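One structure is given below, encoded as structure tokens.
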Amino acid sequence: MRHILSVLMENESGAMSRVVGLFSARGYNIDSLSVAPTEDATLSRMTIVTHGNDQIVEQITKQLNKLVEVVKVIDFNHCRHVERELMLVKVRAVGRDRDELLRLTDIYRGQVVDVTDKSYVIEITGTSDKLSSFLETVPKGLILETVRTGAAGIGRGERILKI
């Protein structure tokens with residue numbers, strides 16, 4: 001099962017590598033990882049997407065909480081949350097394909113952010129499933145390059161993740 005973990009941690013050198021090292025040392029895979037400072041410059045929020053059953057993710061969470069730099073860990077599978085991912089896709093856009101790609105981009109509420117005479121760069125934001133669906137819908141052979149940020153998530157409502 002897919003899990004999104006939000007890790008609030010001290011914003012210091014080496015903290016991220018210790019978290020990633022914990023995963024690799026125990027043979028757990030990270031599907032995506034994003035990290036950035038929070039509104040408090042001394043803290044960073046790391047969003048980790050991983051797969052595993054509830055027992056494996058519970059073990060990961062316990063191990064993360066043992067790290068000195070980690071302040072708090074939340075598994076978003078256990079609370080209401082909002083999730084988004086950003087994807088940039090470079091596609092071959094010549095002839096009739098140009099109009100079809102513009103139509104698909106509009107359907108998925110994306111936007112073309114770069115245009116040349118032979119290609120488009122399309123930006124799509126949404127859930128991971130939405131982005132994957134867009135890729136499956138683009139006609140075969142037109143995708144030249146894809147870049148995805150990985151999921152970012154935040155709890156819904158007034159509940160906040162802090163110390």
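Note on naming: chains are A, B, ... as they come in the structure tokens, residues start from 1 per chain, ligands start from 1 in the order shown.
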
Open item on the list: Using DSSP secondary structure from the backbone, list all strand (DSSP E or B) positions within region 43-82 of chain A, as a ChimeraX atom specification.
Closed with: /A:43-51,70-75,81-82

Using only C-alpha atoms, tabulate the residues of region 58-162 of chain A lying at most 9 Å from any atom of region 15-35 of chain A, each with its closest atom pair and that distance in Å to one decimal, by chain and increasing residue number, as CSV.
```
residue,atom,partner,partner_atom,distance
A:Ile60,CA,A:Phe23,CA,7.7
A:Gln63,CA,A:Leu22,CA,7.6
A:Leu64,CA,A:Val19,CA,6.9
A:Leu67,CA,A:Val19,CA,7.8
A:Val68,CA,A:Ala15,CA,9.0
A:Glu69,CA,A:Ala15,CA,6.2
A:Val70,CA,A:Ala15,CA,8.2
A:Thr149,CA,A:Ser34,CA,7.3
A:Gly150,CA,A:Ser32,CA,5.0
A:Ala151,CA,A:Ser32,CA,6.9
A:Ala152,CA,A:Ser34,CA,7.2
```

Task: Residue with smallest distance to Arg45 (chain A) - pool A:Ser6, A:Thr137, A:Ser119, A:Thr127, counting only C-alpha atoms - done: A:Ser6

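Residue nearest Leu43 (chain A), chosen from A:Ser13, A:Leu8, A:Thr61, A:Lys66 and counting only C-alpha atoms: A:Leu8.
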
TODO: Identify, on the basis of only C-alpha atoms, every residue whose closest approach to Gln55 (chain A) does not exceed 12 Å; exclude the query and any residue fewer than 6 positions from it along the same chain; express the result as a PyMOL selection string.
DONE: chain A and resi 1+3+61-62

Open item on the list: With only C-alpha atoms as the counted atoms, please give the residues lying no more than 9 Å from Asn77 (chain A), apart from itself and same-chain residues fewer than 3 positions off, as a PyMOL selection string.
Closed with: chain A and resi 2-5+74+80-81

TODO: Determine which residues of region 94-135 of chain A DSSP labels as alpha helix (DSSP H) from the backbone of this structure, then write them out as a ChimeraX atom specification.
DONE: /A:96-107,128-135

If you keep C-alpha atoms, can you produce a file of those selected residues as a short mmCIF file (atom, residue, chain, number, x, y, z; two decimals), in the first residue's frame?
```
data_model
loop_
_atom_site.label_atom_id
_atom_site.label_comp_id
_atom_site.auth_asym_id
_atom_site.auth_seq_id
_atom_site.Cartn_x
_atom_site.Cartn_y
_atom_site.Cartn_z
CA ARG A 96 -2.29 17.25 -36.21
CA ASP A 97 -0.73 16.18 -32.91
CA ARG A 98 -0.35 19.85 -31.88
CA ASP A 99 -4.12 20.39 -31.62
CA GLU A 100 -4.70 17.01 -29.95
CA LEU A 101 -2.05 17.75 -27.30
CA LEU A 102 -3.57 21.18 -26.60
CA ARG A 103 -7.00 19.52 -26.17
CA LEU A 104 -5.60 16.89 -23.77
CA THR A 105 -3.74 19.57 -21.80
CA ASP A 106 -6.97 21.53 -21.44
CA ILE A 107 -8.94 18.43 -20.33
CA SER A 128 -0.16 11.11 -8.77
CA ASP A 129 -3.01 9.15 -10.35
CA LYS A 130 -4.07 12.16 -12.44
CA LEU A 131 -0.52 12.67 -13.72
CA SER A 132 -0.14 8.99 -14.59
CA SER A 133 -3.50 9.09 -16.36
CA PHE A 134 -2.33 12.02 -18.49
CA LEU A 135 0.79 10.09 -19.52
#
```

Excluding Met87 (chain A) and its own-chain neighbours fewer than 5 positions away, which residues fall within 7 Å of it when counting only C-alpha atoms? Please give them as a PDB file with N, CA and C atoms, in the first residue's frame.
```pdb
ATOM      1  N   GLU A 123       2.785  21.486 -18.372  1.00  0.00           N
ATOM      2  CA  GLU A 123       2.801  21.407 -16.903  1.00  0.00           C
ATOM      3  C   GLU A 123       1.440  20.908 -16.433  1.00  0.00           C
ATOM      4  N   ILE A 124       1.460  19.849 -15.611  1.00  0.00           N
ATOM      5  CA  ILE A 124       0.230  19.304 -15.038  1.00  0.00           C
ATOM      6  C   ILE A 124       0.447  19.205 -13.525  1.00  0.00           C
ATOM      7  N   THR A 125      -0.550  19.614 -12.762  1.00  0.00           N
ATOM      8  CA  THR A 125      -0.501  19.509 -11.309  1.00  0.00           C
ATOM      9  C   THR A 125      -1.727  18.749 -10.830  1.00  0.00           C
ATOM     10  N   VAL A 147       9.436  14.875 -16.188  1.00  0.00           N
ATOM     11  CA  VAL A 147      10.014  15.196 -14.885  1.00  0.00           C
ATOM     12  C   VAL A 147       8.860  15.339 -13.896  1.00  0.00           C
ATOM     13  N   ARG A 148       8.949  14.618 -12.759  1.00  0.00           N
ATOM     14  CA  ARG A 148       7.913  14.702 -11.725  1.00  0.00           C
ATOM     15  C   ARG A 148       8.549  15.069 -10.391  1.00  0.00           C
ATOM     16  N   THR A 149       7.832  15.884  -9.621  1.00  0.00           N
ATOM     17  CA  THR A 149       8.377  16.329  -8.335  1.00  0.00           C
ATOM     18  C   THR A 149       8.202  15.304  -7.231  1.00  0.00           C
TER      19      THR A 149
END
```

- [ ] Fewer than 4 positions away in the same chain doesn't count, so skip those; otherwise give me all residues within 9 Å of Glu145 (chain A), counting only C-alpha atoms, as a PyMOL selection string.
- [x] chain A and resi 88-91

Residues from the last selection, N, CA, C and O atoms, saved as a PDB file, in the first residue's frame:
```
ATOM      1  N   LEU A  88       6.293  18.030 -15.438  1.00  0.00           N
ATOM      2  CA  LEU A  88       6.590  18.686 -16.704  1.00  0.00           C
ATOM      3  C   LEU A  88       6.820  17.580 -17.730  1.00  0.00           C
ATOM      4  O   LEU A  88       7.589  16.643 -17.470  1.00  0.00           O
ATOM      5  N   VAL A  89       6.157  17.699 -18.876  1.00  0.00           N
ATOM      6  CA  VAL A  89       6.266  16.694 -19.927  1.00  0.00           C
ATOM      7  C   VAL A  89       6.627  17.389 -21.236  1.00  0.00           C
ATOM      8  O   VAL A  89       5.919  18.294 -21.668  1.00  0.00           O
ATOM      9  N   LYS A  90       7.735  16.962 -21.826  1.00  0.00           N
ATOM     10  CA  LYS A  90       8.094  17.464 -23.152  1.00  0.00           C
ATOM     11  C   LYS A  90       7.551  16.468 -24.170  1.00  0.00           C
ATOM     12  O   LYS A  90       7.813  15.265 -24.074  1.00  0.00           O
ATOM     13  N   VAL A  91       6.742  16.978 -25.109  1.00  0.00           N
ATOM     14  CA  VAL A  91       6.110  16.115 -26.107  1.00  0.00           C
ATOM     15  C   VAL A  91       6.449  16.592 -27.516  1.00  0.00           C
ATOM     16  O   VAL A  91       6.650  17.791 -27.745  1.00  0.00           O
TER      17      VAL A  91
END
```

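Residue neighbourhood of Cys79 (chain A), excluding near-sequence residues (fewer than 4 positions): A:Ile74, A:Asp75, A:Gly155, A:Arg156, at 9 Å, using only C-alpha atoms.
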
Okay, now the selection with C-alpha atoms, as an mmCIF file, in the first residue's frame?
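Generated output (out-v9.cif):
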```cif
data_model
loop_
_atom_site.group_PDB
_atom_site.id
_atom_site.type_symbol
_atom_site.label_atom_id
_atom_site.label_comp_id
_atom_site.auth_asym_id
_atom_site.auth_seq_id
_atom_site.Cartn_x
_atom_site.Cartn_y
_atom_site.Cartn_z
ATOM 1 C CA ILE A 74 2.776 11.827 10.334
ATOM 2 C CA ASP A 75 1.458 9.080 8.034
ATOM 3 C CA GLY A 155 -3.238 17.824 6.549
ATOM 4 C CA ARG A 156 -6.696 19.282 6.049
#
```

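The nearest approach to Val71 (chain A) among the residues A:Asn53, A:Thr146, A:Asn11, A:Thr47, with only C-alpha atoms taken into account, belongs to A:Asn11.
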
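The smallest atom-to-atom distance between Gly153 (chain A) and any of A:Val138, A:Val115, A:Met46, A:Glu58, using only C-alpha atoms, is found for A:Met46.
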
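In this structure, CA of Val112 (chain A) sits 13.3 Å away from CA of Leu86 (chain A).
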
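With CA of Lys140 (chain A) on one side and CA of Val94 (chain A) on the other, the separation reads 13.9 Å.
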
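Atom pair CA of Glu85 (chain A) / CA of Leu144 (chain A): separated by 19.7 Å.
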